[in-house]
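Source file: upload.cif; contents: mmCIF, C-alpha atoms.
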data_my_file
#
loop_
_atom_site.group_PDB
_atom_site.id
_atom_site.type_symbol
_atom_site.label_atom_id
_atom_site.label_comp_id
_atom_site.auth_asym_id
_atom_site.auth_seq_id
_atom_site.Cartn_x
_atom_site.Cartn_y
_atom_site.Cartn_z
ATOM 1 C CA MET A 25 205.525 91.322 142.241
ATOM 2 C CA ILE A 26 203.252 91.881 139.244
ATOM 3 C CA MET A 27 204.612 94.295 136.652
ATOM 4 C CA THR A 28 202.564 95.748 133.819
ATOM 5 C CA ASN A 29 202.771 98.758 131.582
ATOM 6 C CA VAL A 30 199.019 99.305 131.348
ATOM 7 C CA ASN A 31 196.919 101.411 133.694
ATOM 8 C CA THR A 32 195.622 98.452 135.638
ATOM 9 C CA VAL A 33 196.496 94.869 136.309
ATOM 10 C CA PRO A 34 194.200 93.050 133.871
ATOM 11 C CA GLY A 35 191.866 90.705 135.699
ATOM 12 C CA LYS A 36 192.507 92.217 139.121
ATOM 13 C CA LYS A 37 191.210 95.157 141.062
ATOM 14 C CA ILE A 38 193.442 97.864 142.485
ATOM 15 C CA ILE A 39 192.623 98.556 146.121
ATOM 16 C CA GLU A 40 195.369 100.966 147.126
ATOM 17 C CA HIS A 41 197.714 103.453 145.446
ATOM 18 C CA PHE A 42 201.167 104.257 146.745
ATOM 19 C CA GLY A 43 202.439 106.750 144.173
ATOM 20 C CA ILE A 44 205.517 106.736 141.994
ATOM 21 C CA VAL A 45 208.393 104.343 142.385
ATOM 22 C CA GLN A 46 211.567 104.516 140.369
ATOM 23 C CA GLY A 47 214.865 102.815 139.847
ATOM 24 C CA ASN A 48 217.897 103.843 137.886
ATOM 25 C CA THR A 49 221.412 102.761 137.081
ATOM 26 C CA VAL A 50 224.284 104.417 135.272
ATOM 27 C CA ARG A 51 226.577 102.128 133.361
ATOM 28 C CA ALA A 52 229.821 102.844 131.580
ATOM 29 C CA LYS A 53 231.049 100.860 128.635
ATOM 30 C CA HIS A 54 233.520 98.121 129.319
ATOM 31 C CA PHE A 55 236.897 98.749 127.713
ATOM 32 C CA GLY A 56 237.265 95.267 126.221
ATOM 33 C CA ARG A 57 233.712 95.274 125.012
ATOM 34 C CA ASP A 58 234.215 98.686 123.506
ATOM 35 C CA PHE A 59 237.240 97.445 121.605
ATOM 36 C CA MET A 60 235.337 94.457 120.251
ATOM 37 C CA ALA A 61 232.442 96.707 119.355
ATOM 38 C CA GLY A 62 234.860 98.935 117.471
ATOM 39 C CA LEU A 63 235.943 95.953 115.408
ATOM 40 C CA LYS A 64 232.385 94.804 114.860
ATOM 41 C CA ASN A 65 231.550 98.326 113.868
ATOM 42 C CA LEU A 66 233.519 97.846 110.658
ATOM 43 C CA VAL A 67 231.184 95.208 109.286
ATOM 44 C CA GLY A 68 227.996 96.219 111.054
ATOM 45 C CA GLY A 69 225.513 93.919 112.707
ATOM 46 C CA GLU A 70 224.462 93.243 116.245
ATOM 47 C CA LEU A 71 226.780 94.272 119.076
ATOM 48 C CA LYS A 72 226.000 91.431 121.474
ATOM 49 C CA GLY A 73 228.155 92.819 124.278
ATOM 50 C CA TYR A 74 226.212 96.052 124.334
ATOM 51 C CA THR A 75 222.856 94.311 124.082
ATOM 52 C CA GLU A 76 223.696 92.226 127.135
ATOM 53 C CA LEU A 77 225.102 95.200 129.011
ATOM 54 C CA LEU A 78 221.973 97.245 128.509
ATOM 55 C CA GLN A 79 219.671 94.341 129.276
ATOM 56 C CA ASP A 80 221.466 93.651 132.557
ATOM 57 C CA SER A 81 221.358 97.311 133.511
ATOM 58 C CA ARG A 82 217.689 97.581 132.747
ATOM 59 C CA GLU A 83 216.962 94.557 134.892
ATOM 60 C CA GLU A 84 218.982 96.174 137.668
ATOM 61 C CA ALA A 85 216.938 99.373 137.386
ATOM 62 C CA MET A 86 213.733 97.349 137.518
ATOM 63 C CA LYS A 87 214.973 95.454 140.547
ATOM 64 C CA ARG A 88 215.593 98.715 142.381
ATOM 65 C CA MET A 89 212.138 99.943 141.480
ATOM 66 C CA GLU A 90 210.642 96.674 142.697
ATOM 67 C CA GLU A 91 212.561 96.974 145.967
ATOM 68 C CA GLN A 92 211.181 100.446 146.520
ATOM 69 C CA ALA A 93 207.651 99.263 145.819
ATOM 70 C CA ARG A 94 208.043 96.369 148.233
ATOM 71 C CA GLN A 95 209.161 98.723 150.994
ATOM 72 C CA MET A 96 205.950 100.667 150.541
ATOM 73 C CA GLY A 97 203.938 97.521 150.937
ATOM 74 C CA ALA A 98 202.803 97.249 147.315
ATOM 75 C CA ASN A 99 202.383 93.991 145.479
ATOM 76 C CA ALA A 100 202.255 95.329 141.922
ATOM 77 C CA VAL A 101 203.715 98.088 139.795
ATOM 78 C CA VAL A 102 201.560 99.419 136.970
ATOM 79 C CA ASN A 103 202.188 101.807 134.095
ATOM 80 C CA ILE A 104 205.899 101.129 133.908
ATOM 81 C CA ARG A 105 207.925 103.314 131.541
ATOM 82 C CA PHE A 106 211.536 103.059 130.493
ATOM 83 C CA ALA A 107 213.836 105.909 129.618
ATOM 84 C CA THR A 108 217.460 106.176 128.598
ATOM 85 C CA SER A 109 219.727 109.179 128.758
ATOM 86 C CA SER A 110 223.443 109.672 128.340
ATOM 87 C CA VAL A 111 224.797 111.607 131.299
ATOM 88 C CA ALA A 112 228.492 111.497 130.501
ATOM 89 C CA GLN A 113 230.611 110.423 127.562
ATOM 90 C CA GLY A 114 230.457 106.690 127.184
ATOM 91 C CA ALA A 115 228.017 106.187 130.029
ATOM 92 C CA ALA A 116 224.305 105.590 129.782
ATOM 93 C CA GLU A 117 221.623 106.008 132.380
ATOM 94 C CA LEU A 118 218.780 103.543 132.357
ATOM 95 C CA PHE A 119 215.693 104.521 134.177
ATOM 96 C CA ALA A 120 212.438 102.757 135.010
ATOM 97 C CA TYR A 121 209.461 104.254 136.754
ATOM 98 C CA GLY A 122 205.918 103.278 137.522
ATOM 99 C CA THR A 123 203.074 103.467 139.997
ATOM 100 C CA ALA A 124 203.101 101.167 142.995
ATOM 101 C CA VAL A 125 199.705 99.712 143.853
ATOM 102 C CA ARG A 126 198.180 96.915 145.851
ATOM 103 C CA VAL A 127 195.828 94.556 144.082
ATOM 104 C CA GLU A 128 193.457 91.979 145.484
ATOM 105 C CA MET B 19 253.778 100.015 93.847
ATOM 106 C CA GLU B 20 255.428 103.192 95.064
ATOM 107 C CA ILE B 21 252.260 105.152 94.602
ATOM 108 C CA LEU B 22 250.506 102.627 96.784
ATOM 109 C CA LEU B 23 253.105 102.994 99.528
ATOM 110 C CA GLN B 24 252.964 106.769 99.329
ATOM 111 C CA ASN B 25 249.223 106.801 99.748
ATOM 112 C CA PHE B 26 249.098 104.160 102.437
ATOM 113 C CA ASP B 27 246.301 105.945 104.314
ATOM 114 C CA LEU B 28 244.149 106.020 101.243
ATOM 115 C CA VAL B 29 244.759 102.318 100.582
ATOM 116 C CA ILE B 30 243.715 101.390 104.115
ATOM 117 C CA PHE B 31 240.640 103.573 103.777
ATOM 118 C CA LEU B 32 239.635 101.911 100.497
ATOM 119 C CA VAL B 33 240.227 98.422 101.835
ATOM 120 C CA LEU B 34 238.123 99.153 104.909
ATOM 121 C CA ALA B 35 235.371 100.673 102.792
ATOM 122 C CA ILE B 36 235.237 97.716 100.412
ATOM 123 C CA PHE B 37 235.430 95.205 103.252
ATOM 124 C CA GLY B 38 232.708 97.040 105.140
ATOM 125 C CA TYR B 39 230.508 97.226 102.060
ATOM 126 C CA THR B 40 230.647 93.519 101.177
ATOM 127 C CA ALA B 41 230.467 92.145 104.722
ATOM 128 C CA GLY B 42 227.899 94.726 105.775
ATOM 129 C CA SER B 43 225.491 94.178 102.921
ATOM 130 C CA LEU B 44 225.796 90.411 103.287
ATOM 131 C CA ALA B 45 225.044 90.654 107.001
ATOM 132 C CA GLU B 46 222.111 92.953 106.370
ATOM 133 C CA LYS B 47 220.569 90.643 103.795
ATOM 134 C CA ARG B 48 220.979 87.671 106.113
ATOM 135 C CA HIS B 49 219.438 89.586 108.966
ATOM 136 C CA TYR B 50 216.426 90.633 106.901
ATOM 137 C CA ARG B 51 215.880 87.036 105.807
ATOM 138 C CA SER B 52 215.901 85.827 109.386
ATOM 139 C CA ILE B 53 213.600 88.658 110.494
ATOM 140 C CA ILE B 54 211.036 87.850 107.805
ATOM 141 C CA LYS B 55 211.186 84.142 108.605
ATOM 142 C CA ARG B 56 210.677 84.647 112.333
ATOM 143 C CA GLU B 57 207.958 87.236 111.778
ATOM 144 C CA LYS B 58 206.005 84.613 109.860
ATOM 145 C CA GLU B 59 206.474 82.081 112.651
ATOM 146 C CA LEU B 60 205.268 84.489 115.315
ATOM 147 C CA LEU B 61 202.367 85.862 113.298
ATOM 148 C CA LYS B 62 199.835 84.291 115.660
ATOM 149 C CA MET B 63 201.077 86.311 118.604
ATOM 150 C CA ALA B 64 198.945 89.442 118.559
ATOM 151 C CA VAL B 65 200.682 92.659 119.479
ATOM 152 C CA VAL B 66 198.665 95.821 119.932
ATOM 153 C CA THR B 67 199.514 99.301 121.108
ATOM 154 C CA ALA B 68 196.097 99.749 122.706
ATOM 155 C CA GLU B 69 195.155 98.694 126.210
ATOM 156 C CA GLY B 70 191.867 96.873 125.785
ATOM 157 C CA SER B 71 189.858 95.206 128.516
ATOM 158 C CA PHE B 72 189.365 91.527 129.200
ATOM 159 C CA PRO B 73 186.921 89.479 131.242
ATOM 160 C CA PRO B 74 188.735 88.914 134.560
ATOM 161 C CA GLU B 75 187.904 85.222 134.790
ATOM 162 C CA ARG B 76 189.748 84.467 131.570
ATOM 163 C CA ILE B 77 193.046 85.999 132.591
ATOM 164 C CA GLN B 78 195.525 83.691 134.232
ATOM 165 C CA GLU B 79 198.616 85.819 134.484
ATOM 166 C CA VAL B 80 200.082 89.110 133.317
ATOM 167 C CA ALA B 81 203.745 89.985 132.978
ATOM 168 C CA LEU B 82 205.953 92.697 131.596
ATOM 169 C CA VAL B 83 207.949 91.454 128.621
ATOM 170 C CA MET B 84 210.672 93.249 126.729
ATOM 171 C CA GLY B 85 213.172 92.787 124.001
ATOM 172 C CA SER B 86 216.160 94.876 123.096
ATOM 173 C CA VAL B 87 218.968 94.891 120.577
ATOM 174 C CA VAL B 88 221.970 97.056 119.735
ATOM 175 C CA ILE B 89 222.852 97.160 116.058
ATOM 176 C CA SER B 90 225.708 99.007 114.438
ATOM 177 C CA ILE B 91 226.218 100.258 110.931
ATOM 178 C CA ASP B 92 229.128 99.213 108.705
ATOM 179 C CA TYR B 93 232.093 101.358 107.719
ATOM 180 C CA PHE B 94 230.998 102.050 104.157
ATOM 181 C CA LYS B 95 227.506 103.140 105.097
ATOM 182 C CA ARG B 96 228.854 105.430 107.777
ATOM 183 C CA ILE B 97 230.931 107.213 105.162
ATOM 184 C CA LEU B 98 227.855 107.499 102.963
ATOM 185 C CA ALA B 99 225.933 109.001 105.860
ATOM 186 C CA ILE B 100 228.691 111.517 106.561
ATOM 187 C CA LEU B 101 228.645 112.546 102.904
ATOM 188 C CA ARG B 102 224.875 112.818 103.095
ATOM 189 C CA ASN B 103 225.304 115.289 105.922
ATOM 190 C CA ILE B 104 226.719 117.773 103.472
ATOM 191 C CA PHE B 105 223.770 117.802 101.102
ATOM 192 C CA GLY B 106 220.964 116.706 103.370
ATOM 193 C CA GLY B 107 218.051 114.502 102.361
ATOM 194 C CA ARG B 108 217.154 110.912 103.055
ATOM 195 C CA VAL B 109 219.836 108.878 104.780
ATOM 196 C CA LYS B 110 218.823 105.463 103.519
ATOM 197 C CA SER B 111 221.617 103.589 105.231
ATOM 198 C CA TYR B 112 220.422 104.679 108.645
ATOM 199 C CA GLU B 113 216.775 104.043 107.794
ATOM 200 C CA SER B 114 217.396 100.366 107.253
ATOM 201 C CA LEU B 115 219.538 100.209 110.398
ATOM 202 C CA VAL B 116 216.785 101.529 112.648
ATOM 203 C CA ASP B 117 214.145 99.465 110.875
ATOM 204 C CA ARG B 118 216.121 96.288 111.506
ATOM 205 C CA ALA B 119 216.724 97.181 115.128
ATOM 206 C CA ARG B 120 213.036 97.814 115.844
ATOM 207 C CA ARG B 121 211.813 94.688 114.138
ATOM 208 C CA GLU B 122 214.412 92.587 115.911
ATOM 209 C CA ALA B 123 213.442 94.094 119.280
ATOM 210 C CA ILE B 124 209.758 93.347 118.674
ATOM 211 C CA LEU B 125 210.623 89.782 117.679
ATOM 212 C CA ARG B 126 212.638 89.246 120.849
ATOM 213 C CA MET B 127 209.793 90.593 122.925
ATOM 214 C CA LYS B 128 207.386 88.215 121.201
ATOM 215 C CA GLU B 129 209.735 85.299 121.746
ATOM 216 C CA SER B 130 209.987 85.976 125.449
ATOM 217 C CA ALA B 131 206.205 86.259 125.669
ATOM 218 C CA LYS B 132 205.851 82.951 123.863
ATOM 219 C CA GLU B 133 208.175 81.296 126.366
ATOM 220 C CA GLN B 134 205.834 82.350 129.146
ATOM 221 C CA GLY B 135 202.861 80.920 127.305
ATOM 222 C CA ALA B 136 201.204 84.229 126.484
ATOM 223 C CA LYS B 137 198.814 84.643 123.569
ATOM 224 C CA MET B 138 198.939 88.377 123.172
ATOM 225 C CA ILE B 139 200.792 91.511 124.127
ATOM 226 C CA ILE B 140 198.979 94.748 124.881
ATOM 227 C CA ASN B 141 200.170 98.323 125.179
ATOM 228 C CA MET B 142 203.396 97.763 123.291
ATOM 229 C CA ARG B 143 205.827 100.670 123.396
ATOM 230 C CA LEU B 144 208.951 101.248 121.330
ATOM 231 C CA GLU B 145 211.945 103.303 122.219
ATOM 232 C CA THR B 146 215.346 103.950 120.737
ATOM 233 C CA ALA B 147 218.534 105.112 122.375
ATOM 234 C CA THR B 148 222.161 105.610 121.503
ATOM 235 C CA ILE B 149 224.931 104.603 123.850
ATOM 236 C CA GLY B 150 227.263 107.357 124.903
ATOM 237 C CA ARG B 151 228.179 109.674 122.099
ATOM 238 C CA SER B 152 225.989 110.510 119.146
ATOM 239 C CA ALA B 153 225.761 108.018 116.346
ATOM 240 C CA ASN B 154 227.070 110.164 113.564
ATOM 241 C CA LYS B 155 230.470 111.278 114.804
ATOM 242 C CA LYS B 156 233.389 109.906 112.914
ATOM 243 C CA LYS B 157 235.260 108.177 115.690
ATOM 244 C CA SER B 158 232.327 106.933 117.700
ATOM 245 C CA VAL B 159 230.465 103.674 117.418
ATOM 246 C CA GLY B 160 227.572 104.273 115.048
ATOM 247 C CA SER B 161 225.059 102.137 116.796
ATOM 248 C CA VAL B 162 221.457 102.328 117.848
ATOM 249 C CA GLU B 163 219.528 100.516 120.528
ATOM 250 C CA ALA B 164 215.887 99.619 120.105
ATOM 251 C CA ILE B 165 213.716 98.529 123.011
ATOM 252 C CA ALA B 166 210.239 97.070 122.768
ATOM 253 C CA TYR B 167 208.153 96.395 125.838
ATOM 254 C CA GLY B 168 204.593 95.537 126.638
ATOM 255 C CA THR B 169 202.287 93.556 128.880
ATOM 256 C CA ALA B 170 201.927 89.898 127.993
ATOM 257 C CA ILE B 171 198.641 88.226 128.852
ATOM 258 C CA VAL B 172 198.313 84.532 129.567
ATOM 259 C CA MET B 173 194.743 83.379 129.077
ATOM 260 C CA ASN B 174 193.135 80.116 129.960
#
Could you write out this file's structure as structure tokens?
Amino acid sequence: MIMTNVNTVPGKKIIEHFGIVQGNTVRAKHFGRDFMAGLKNLVGGELKGYTELLQDSREEAMKRMEEQARQMGANAVVNIRFATSSVAQGAAELFAYGTAVRVE
Amino acid sequence: MEILLQNFDLVIFLVLAIFGYTAGSLAEKRHYRSIIKREKELLKMAVVTAEGSFPPERIQEVALVMGSVVISIDYFKRILAILRNIFGGRVKSYESLVDRARREAILRMKESAKEQGAKMIINMRLETATIGRSANKKKSVGSVEAIAYGTAIVMN
């Protein structure tokens, strides 16, 4: 599956459009990680636990989007956008959407 | 000594503030040094926010690349920011926090593009997010996430 965030797949021609595909995931913070982050919060700096958590979740959201695109019979997703929102306290929603297309 | 014991809360507060200030500013300086060093190394990787068009025969592969980082602020700076909330104006401590987060995210994106053998990244987009509660509340984790993503192009 080819993923891009531009309007086309550079170097290839789009022959069919399938419309919007999306994938999302809602993740809550891990208690242990939250505790460690609270400690790290004193001195500042990168919170590695959170970085990993969000990266994993975003990959999960992308995987779901890819799955949806595959079911439609697409072989590429163009114009991918990411969005984040906090739905509940301590939980974050990660969201990816794009247009499923078939390229040559 | 007795005064110290009577104002135990205040002592803890001061110790935390001083500890946060020294460790935090050291960490920030170290982080900036490493950012500047890696930015120089990756200078050849072109990143643009425009789309551009390329001759199809020169393009080998395209891929979505991204980089993200969560950075938190130290205890002392958070207090400064809370004080700033009273008077308003520039909150310098948060400016440098977000600046660091964005630059780090872009660097990570570039590094992952380099691993795939790409020469340039087009249509780069930046986004920031906070996890859970807002960044400025007293009890919450004052952290910010920066995400950078774009399309890496491998040319032959």
Task: Ref. answer, residues at most 12 Å from (218.5, 96.7, 135.8) with only C-alpha atoms, as an NGL selection string - done: :A and (46-51 or 76-91 or 106 or 108 or 117-121)
Residue subset to file, keeping C-alpha atoms, as a short mmCIF file (atom, residue, chain, number, x, y, z; two decimals), in the coordinates of the input:
data_model
loop_
_atom_site.label_atom_id
_atom_site.label_comp_id
_atom_site.auth_asym_id
_atom_site.auth_seq_id
_atom_site.Cartn_x
_atom_site.Cartn_y
_atom_site.Cartn_z
CA GLN A 46 211.57 104.52 140.37
CA GLY A 47 214.86 102.82 139.85
CA ASN A 48 217.90 103.84 137.89
CA THR A 49 221.41 102.76 137.08
CA VAL A 50 224.28 104.42 135.27
CA ARG A 51 226.58 102.13 133.36
CA GLU A 76 223.70 92.23 127.14
CA LEU A 77 225.10 95.20 129.01
CA LEU A 78 221.97 97.24 128.51
CA GLN A 79 219.67 94.34 129.28
CA ASP A 80 221.47 93.65 132.56
CA SER A 81 221.36 97.31 133.51
CA ARG A 82 217.69 97.58 132.75
CA GLU A 83 216.96 94.56 134.89
CA GLU A 84 218.98 96.17 137.67
CA ALA A 85 216.94 99.37 137.39
CA MET A 86 213.73 97.35 137.52
CA LYS A 87 214.97 95.45 140.55
CA ARG A 88 215.59 98.72 142.38
CA MET A 89 212.14 99.94 141.48
CA GLU A 90 210.64 96.67 142.70
CA GLU A 91 212.56 96.97 145.97
CA PHE A 106 211.54 103.06 130.49
CA THR A 108 217.46 106.18 128.60
CA GLU A 117 221.62 106.01 132.38
CA LEU A 118 218.78 103.54 132.36
CA PHE A 119 215.69 104.52 134.18
CA ALA A 120 212.44 102.76 135.01
CA TYR A 121 209.46 104.25 136.75
#
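Counting only C-alpha atoms, every residue of chain B that comes within 6 Å of chain A is listed here: Gly38, Ala41, Gly42, Pro74, Ile77, Ala81, Leu82, Val87, Val88, Ile89, Ser90, Ile91, Asp92, Tyr93, Gly150 and Thr169 of chain B.
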TODO: Give me, please, the distance in Å between CA of Glu133 in chain B and CA of Val80 in chain B, quoted to one decimal.
DONE: 13.2 Å
- [ ] Determine, counting all atoms listed in the file, which protein, DNA and RNA residues have an atom within 8 Å of an atom of Glu79 in chain B; residues of the same chain fewer than 4 positions away are not included. Present the result as a ChimeraX atom specification.
- [x] /B:171-173
Selected residues, C-alpha atoms, written as an mmCIF file, in the frame of the given file, please.
data_model
loop_
_atom_site.group_PDB
_atom_site.id
_atom_site.type_symbol
_atom_site.label_atom_id
_atom_site.label_comp_id
_atom_site.auth_asym_id
_atom_site.auth_seq_id
_atom_site.Cartn_x
_atom_site.Cartn_y
_atom_site.Cartn_z
ATOM 1 C CA ILE B 171 198.641 88.226 128.852
ATOM 2 C CA VAL B 172 198.313 84.532 129.567
ATOM 3 C CA MET B 173 194.743 83.379 129.077
#
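Among B:Met84, B:Leu101, B:Val109, B:Leu28, the residue with the shortest atom-to-atom distance to Tyr167 in chain B, counting only C-alpha atoms, is B:Met84.
If you look at CA of Ser114 in chain B and CA of Gly160 in chain B, they are 13.4 Å away from each other.
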- [ ] Starting from the displayed file, determine the output of the PyMOL selection byres ((chain B and resi 57) around 12) and express the residue list as a count of residues only.
- [x] 24
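Between CA of Thr40 in chain B and CA of Gly85 in chain B lies a distance of 28.8 Å.
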